[in-house]
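What follows is one structure encoded as structure tokens, with my remarks underneath.
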Amino acid sequence: MNGQNYTVWEKQQQAKGVDVAWVRERIKAFKVETPSWGYGDSGTRFKVFKQTGVPRNLYEKLDDAAQVHKFTGICPAVAIHIPWDKTDDYGKIIGYAAELGLKIGAVNPNLFQGEEYKFGSLCHVDAKVRQKALDHVLECIEIAKTVNSGIISLWLADGTNYPGQGDFRERKHYLEQALQTVYASLTGDMRLLIEYKVFEPAFYHTDIADWGMSFTLAGKLGEKAQVLVDLGHHSPGVNVEHIVAFLLDEHKIGGFHFNNRKYADDDLIVGTINPYELFLIFNELVAGELDPATAATAAGIAYMIDQSHCIEPKVPAMIRSVLNIQTAHAKALLVNRAALRQARQKNDVLAAENIVREAFETEVKPLLAGIREELGLAPDPMTAYLQSGYEEQKVGRGRDGQGWE
Ligand code: PSV
Ligand code: MN
Ligand code: MN
């Protein structure tokens with residue numbers, strides 16, 4: 001679309017009651033965090049497909065994340081996972097990140113890979129294992145303080161495989177006790193985001209299985225504890241946008257883990273299978289931003305990607321994810337809220353559905369390209385990245401700690 005066509009598009013939107021200047025401002029303000037683990041090797045339960053040139057340490061993960069930020073302009077923070085990203089000098093990490101225009105985002109404890117966690121971590125029957133898990137979370141809080149991160153994203157793999165294996169309520173009590181200590185260690189503006197997941201790795205029961213359980217735990221702790229919604233952690237058919245709206249209204253949504261699901265926790269590129277669902281989630285978030293009663297909670301939401309690409313090249317996969325998120329957000333900003341309200345008041349079902357769907361069907365590529373150019377970015381980040389030569393240069397890292405060759 002050339003400039004003249006864009007002007008026509010803008011006029012059409014204005015005629016529909018869309019405040020285009022506001023839309024542009026909101027798009028510019030939106031940021032999404034990428035995960036350090038999304039740049040490293042990953043695989044399925046059956047095999048890890050090793051790629052050439054994957055980062056071997058946090059510095060190289062930051063190098064890759066910096067590329068995603070360089071070309072999209074909206075990813076200045078990188079989430080870390082401990083111990084995957086453990087280092088003996090976090091000061092150096094912050095400095096290196098700052099040189100790349102990045103900062104460290106959420107700190108994710110890992111309570112799922114130790115041998116001792118075979119039967120659980122914070123919910124384990126053995127007090128020694130529970131203490132070890134708790135110490136790890138407390139260590140992560142200290143790391144978060146060191147790297148100036150305000151967020152601990154807590155996910156437990158705890159659960160059981162068979163009826164009778166565990167005492168649901170006893171495990172819940174263990175968890176509540178541990179979370180009290182965790183919560184008491186948060187300082188300043190730090191927040192604890194509690195992630196839920198319906199199943200996996202445990203198959204019979206999961207100790208924090210759904211948003212209601214995260215919500216209850218967070219509610220008992222206090223304001224600094226909120227729910228983290230990971231798009232891959234629900235049963236098929238669950239209305240995630242409704243959960244989002246409900247949590248927003250309760251001021252209890254603290255963050256997102258974006259990814260794509262078809263069957264379960266697929267962790268693939270967000271927005272590839274069901275872009276309409278992603279848009280509908282943003283539709284609720286934008287509505288929440290516009291409502292003075294929920295605006296502050298909406299503004300505090302940490303938007304994060306939680307993906308592990310195992311068959312596709314990682315940096316372009318992350319760029320695609322970011323672009324899909326930005327597109328869904330832009331489209332949600334185009335919903336004519338006044339007209340939607342009127343249609344709802346009249347119970348005009350077809351008009352209401354049409355207003356929402358029309359925004360989704362609106363082409364936003366020229367809008368986004370124009371905004372990027374205004375910000376000094378290439379209008380098409382994917383093409384620009386692929387032409388930059390970084391993918392080829394990255395291959396030179398080699399493997400096995402040899403460094404760039
Ligand atoms: C678990 O499935 C999860 O969504 C949690 O957020 C973990 O920290 C992450 O994936 C690990 O990839
Ligand atoms: Mn997650
Ligand atoms: Mn997950």
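Scheme for the structure tokens: letters A, B, ... for chains in order shown; per-chain residue numbers from 1; ligand numbers from 1 in order shown.
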Could you give me, as a PDB file with C-alpha atoms, in the first residue's frame, the residues within 12 Å of Lys132 in chain A, counting only C-alpha atoms and dropping anything in the same chain fewer than 5 positions from it?
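Full text of part-v6.pdb as output:
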```
ATOM      1  CA  ASN A 110      13.390 -24.607  37.405  1.00  0.00           C
ATOM      2  CA  LEU A 111      11.690 -27.107  39.701  1.00  0.00           C
ATOM      3  CA  GLY A 114      16.401 -32.251  39.380  1.00  0.00           C
ATOM      4  CA  GLU A 115      16.491 -36.014  40.114  1.00  0.00           C
ATOM      5  CA  GLU A 116      15.068 -35.217  43.534  1.00  0.00           C
ATOM      6  CA  TYR A 117      11.925 -33.745  41.931  1.00  0.00           C
ATOM      7  CA  GLY A 120       7.371 -33.266  43.157  1.00  0.00           C
ATOM      8  CA  SER A 121       9.131 -30.150  44.408  1.00  0.00           C
ATOM      9  CA  LEU A 122       7.259 -27.712  46.646  1.00  0.00           C
ATOM     10  CA  CYS A 123       4.527 -30.367  47.074  1.00  0.00           C
ATOM     11  CA  HIS A 124       6.865 -33.308  47.733  1.00  0.00           C
ATOM     12  CA  ASP A 126       9.739 -35.225  51.903  1.00  0.00           C
ATOM     13  CA  ALA A 127      10.483 -31.981  53.765  1.00  0.00           C
ATOM     14  CA  VAL A 137      13.021 -20.222  44.356  1.00  0.00           C
ATOM     15  CA  LEU A 138      14.550 -17.953  47.008  1.00  0.00           C
ATOM     16  CA  GLU A 139      17.844 -18.040  45.099  1.00  0.00           C
ATOM     17  CA  ALA A 178       6.281 -22.583  50.736  1.00  0.00           C
TER      18      ALA A 178
END
```
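DSSP, applied to the backbone of this structure, assigns strand (DSSP E or B) to the following residues of range 192-302 of chain A: Leu192, Leu193, Ile194, Glu195, His205, Thr206, Ala225, Gln226, Val227, Leu228, Val229, Asp230, Ile253, Gly254, Gly255, Phe256, His257, Phe258, Asn260, Leu268 and Ala302 of chain A.
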Selection export as a PDB file, in the first residue's frame, atoms kept: N, CA and C atoms:
```pdb
ATOM      1  N   LEU A 192       5.162 -12.031  42.069  1.00  0.00           N
ATOM      2  CA  LEU A 192       5.243 -13.478  41.872  1.00  0.00           C
ATOM      3  C   LEU A 192       4.096 -13.860  40.939  1.00  0.00           C
ATOM      4  N   LEU A 193       4.432 -14.375  39.763  1.00  0.00           N
ATOM      5  CA  LEU A 193       3.388 -14.797  38.823  1.00  0.00           C
ATOM      6  C   LEU A 193       3.257 -16.317  38.890  1.00  0.00           C
ATOM      7  N   ILE A 194       2.060 -16.787  39.190  1.00  0.00           N
ATOM      8  CA  ILE A 194       1.857 -18.226  39.395  1.00  0.00           C
ATOM      9  C   ILE A 194       1.198 -18.828  38.159  1.00  0.00           C
ATOM     10  N   GLU A 195       1.954 -19.716  37.523  1.00  0.00           N
ATOM     11  CA  GLU A 195       1.510 -20.335  36.277  1.00  0.00           C
ATOM     12  C   GLU A 195       0.761 -21.631  36.589  1.00  0.00           C
ATOM     13  N   HIS A 205      -3.047 -35.909  38.095  1.00  0.00           N
ATOM     14  CA  HIS A 205      -3.408 -34.603  38.658  1.00  0.00           C
ATOM     15  C   HIS A 205      -2.182 -33.701  38.642  1.00  0.00           C
ATOM     16  N   THR A 206      -2.434 -32.422  38.531  1.00  0.00           N
ATOM     17  CA  THR A 206      -1.376 -31.420  38.581  1.00  0.00           C
ATOM     18  C   THR A 206      -1.686 -30.526  39.773  1.00  0.00           C
ATOM     19  N   ALA A 225       1.131 -11.128  44.268  1.00  0.00           N
ATOM     20  CA  ALA A 225       1.024 -12.434  43.603  1.00  0.00           C
ATOM     21  C   ALA A 225      -0.119 -12.375  42.599  1.00  0.00           C
ATOM     22  N   GLN A 226       0.174 -12.795  41.385  1.00  0.00           N
ATOM     23  CA  GLN A 226      -0.844 -12.772  40.328  1.00  0.00           C
ATOM     24  C   GLN A 226      -0.746 -14.043  39.484  1.00  0.00           C
ATOM     25  N   VAL A 227      -1.685 -14.164  38.572  1.00  0.00           N
ATOM     26  CA  VAL A 227      -1.765 -15.372  37.748  1.00  0.00           C
ATOM     27  C   VAL A 227      -1.022 -15.152  36.429  1.00  0.00           C
ATOM     28  N   LEU A 228      -0.342 -16.182  35.981  1.00  0.00           N
ATOM     29  CA  LEU A 228       0.307 -16.144  34.665  1.00  0.00           C
ATOM     30  C   LEU A 228      -0.465 -17.082  33.735  1.00  0.00           C
ATOM     31  N   VAL A 229      -0.913 -16.544  32.620  1.00  0.00           N
ATOM     32  CA  VAL A 229      -1.680 -17.342  31.650  1.00  0.00           C
ATOM     33  C   VAL A 229      -0.750 -17.787  30.523  1.00  0.00           C
ATOM     34  N   ASP A 230      -0.509 -19.085  30.443  1.00  0.00           N
ATOM     35  CA  ASP A 230       0.265 -19.640  29.325  1.00  0.00           C
ATOM     36  C   ASP A 230      -0.744 -20.241  28.357  1.00  0.00           C
ATOM     37  N   ILE A 253      -4.473 -10.743  36.901  1.00  0.00           N
ATOM     38  CA  ILE A 253      -3.669 -11.256  35.793  1.00  0.00           C
ATOM     39  C   ILE A 253      -2.357 -10.480  35.776  1.00  0.00           C
ATOM     40  N   GLY A 254      -1.250 -11.223  35.821  1.00  0.00           N
ATOM     41  CA  GLY A 254       0.051 -10.551  35.900  1.00  0.00           C
ATOM     42  C   GLY A 254       0.904 -10.746  34.662  1.00  0.00           C
ATOM     43  N   GLY A 255       0.633 -11.806  33.911  1.00  0.00           N
ATOM     44  CA  GLY A 255       1.497 -12.035  32.761  1.00  0.00           C
ATOM     45  C   GLY A 255       0.967 -13.097  31.815  1.00  0.00           C
ATOM     46  N   PHE A 256       1.600 -13.119  30.649  1.00  0.00           N
ATOM     47  CA  PHE A 256       1.261 -14.090  29.604  1.00  0.00           C
ATOM     48  C   PHE A 256       2.477 -14.865  29.184  1.00  0.00           C
ATOM     49  N   HIS A 257       2.272 -16.112  28.869  1.00  0.00           N
ATOM     50  CA  HIS A 257       3.256 -16.866  28.110  1.00  0.00           C
ATOM     51  C   HIS A 257       2.590 -17.170  26.781  1.00  0.00           C
ATOM     52  N   PHE A 258       3.034 -16.486  25.746  1.00  0.00           N
ATOM     53  CA  PHE A 258       2.457 -16.713  24.426  1.00  0.00           C
ATOM     54  C   PHE A 258       3.099 -17.928  23.769  1.00  0.00           C
ATOM     55  N   ASN A 260       1.757 -21.301  20.678  1.00  0.00           N
ATOM     56  CA  ASN A 260       0.663 -21.870  19.926  1.00  0.00           C
ATOM     57  C   ASN A 260       0.328 -23.257  20.447  1.00  0.00           C
ATOM     58  N   LEU A 268       4.676 -23.932  20.146  1.00  0.00           N
ATOM     59  CA  LEU A 268       5.097 -23.518  18.803  1.00  0.00           C
ATOM     60  C   LEU A 268       4.740 -22.051  18.568  1.00  0.00           C
ATOM     61  N   ALA A 302       2.760  -8.453  32.124  1.00  0.00           N
ATOM     62  CA  ALA A 302       4.041  -8.758  31.474  1.00  0.00           C
ATOM     63  C   ALA A 302       3.756  -9.697  30.293  1.00  0.00           C
TER      64      ALA A 302
END
```
Which parts of range 42-83 of chain A does DSSP call helix (DSSP H, G or I) when run on the backbone here, written out as a compact mmCIF listing (two decimals) with N, CA and C atoms, in the first residue's frame?
```txt
# COMPACT_ATOMS: atom_id res chain seq x y z
N LEU A 58 24.43 -17.65 28.01
CA LEU A 58 23.47 -16.55 28.08
C LEU A 58 23.91 -15.36 27.22
N TYR A 59 25.22 -15.14 27.12
CA TYR A 59 25.69 -14.02 26.29
C TYR A 59 25.23 -14.19 24.85
N GLU A 60 25.40 -15.42 24.35
CA GLU A 60 25.01 -15.65 22.96
C GLU A 60 23.50 -15.66 22.79
N LYS A 61 22.79 -16.08 23.83
CA LYS A 61 21.32 -16.00 23.75
C LYS A 61 20.90 -14.53 23.66
N LEU A 62 21.60 -13.70 24.43
CA LEU A 62 21.29 -12.27 24.38
C LEU A 62 21.62 -11.69 23.00
N ASP A 63 22.71 -12.18 22.41
CA ASP A 63 23.04 -11.72 21.04
C ASP A 63 21.87 -11.99 20.11
N ASP A 64 21.29 -13.19 20.22
CA ASP A 64 20.18 -13.56 19.32
C ASP A 64 18.92 -12.75 19.64
N ALA A 65 18.68 -12.59 20.94
CA ALA A 65 17.50 -11.81 21.35
C ALA A 65 17.63 -10.37 20.85
N ALA A 66 18.87 -9.88 20.83
CA ALA A 66 19.09 -8.50 20.38
C ALA A 66 18.72 -8.35 18.91
N GLN A 67 18.91 -9.42 18.15
CA GLN A 67 18.51 -9.38 16.73
C GLN A 67 17.01 -9.25 16.60
N VAL A 68 16.30 -10.00 17.42
CA VAL A 68 14.83 -9.94 17.39
C VAL A 68 14.38 -8.52 17.73
N HIS A 69 15.03 -7.94 18.72
CA HIS A 69 14.67 -6.56 19.11
C HIS A 69 15.06 -5.57 18.01
N LYS A 70 16.25 -5.80 17.44
CA LYS A 70 16.73 -4.87 16.41
C LYS A 70 15.74 -4.77 15.24
N PHE A 71 15.19 -5.91 14.85
CA PHE A 71 14.33 -5.90 13.65
C PHE A 71 12.86 -5.66 13.95
N THR A 72 12.41 -5.97 15.16
CA THR A 72 11.00 -5.73 15.47
C THR A 72 10.80 -4.45 16.28
```
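Nearest residue to ligand 3 among A:Gly91, A:Pro201, A:Gly219, A:Gly288 is A:Pro201, counting only C-alpha atoms and all ligand atoms.
Minimum distance to ligand 3 across A:Lys252, A:Lys28, A:Arg261, A:Lys145 (counting only C-alpha atoms and all ligand atoms) occurs at A:Arg261.
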Please find the residues contacting ligand 2 at a distance of at most 10 Å between atoms, with only C-alpha atoms and all ligand atoms counted, and report them as a VMD selection string.
chain A and resid 35 108 153 to 155 195 to 197 228 to 233 256 to 259 265 267 304 to 307
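The space between CA of Asn354 in chain A and CA of Val270 in chain A spans 24.3 Å.
Close contacts of range 166-172 of chain A, defined as residues with an atom at most 9 Å away when counting only C-alpha atoms, with chain neighbours fewer than 3 positions off set aside, comprise A:Leu122, A:Cys123, A:His124, A:Val125, A:Gly159, A:Thr160, A:Tyr162, A:Pro163, A:Leu175, A:Glu176, A:Gln177, A:His205, A:Asp207, A:Ile208.
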Export, as a short mmCIF file (atom, residue, chain, number, x, y, z; two decimals), in the first residue's frame, the selected residues with C-alpha atoms.
```cif
data_model
loop_
_atom_site.label_atom_id
_atom_site.label_comp_id
_atom_site.auth_asym_id
_atom_site.auth_seq_id
_atom_site.Cartn_x
_atom_site.Cartn_y
_atom_site.Cartn_z
CA LEU A 122 7.26 -27.71 46.65
CA CYS A 123 4.53 -30.37 47.07
CA HIS A 124 6.86 -33.31 47.73
CA VAL A 125 6.13 -35.54 50.75
CA GLY A 159 1.52 -33.71 40.20
CA THR A 160 0.79 -37.41 40.31
CA TYR A 162 -2.11 -42.42 39.62
CA PRO A 163 -5.11 -42.20 41.91
CA LEU A 175 2.59 -25.51 48.58
CA GLU A 176 0.80 -22.78 50.48
CA GLN A 177 3.43 -22.86 53.22
CA HIS A 205 -3.41 -34.60 38.66
CA ASP A 207 -1.00 -29.46 41.82
CA ILE A 208 -1.72 -26.13 40.12
#
```
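Put simply, CA of Ile94 in chain A is 17.5 Å away from CA of Pro55 in chain A.
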Please list as JSON, numbers by chain every residue within 6 Å of range 379-395 of chain A, counting only C-alpha atoms and excluding residues in the same chain fewer than 2 positions away.
{"A": [52, 53, 71, 72, 369, 372, 373, 397]}
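Between ligand 3 and the residues A:Ile325, A:Ala157, A:Leu179, A:Ile93, the shortest atom-to-atom distance, using only C-alpha atoms and all ligand atoms, involves A:Ala157.
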Close residues, range 235-244 of chain A itself excluded, 8 Å, only C-alpha atoms, min 2 positions apart in chain, as an MDAnalysis selection string
chainID A and resid 198 211 229 231 233 246:248 253 263:264 277 280:281 284:285
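Our summary of the geometry notes that CA of Ile273 in chain A is positioned 24.9 Å from CA of Val78 in chain A.
Using only C-alpha atoms and all ligand atoms, the smallest distance between any of A:Trp9, A:Phe119, A:Tyr90, A:Phe112 and ligand 1 comes from A:Phe112.
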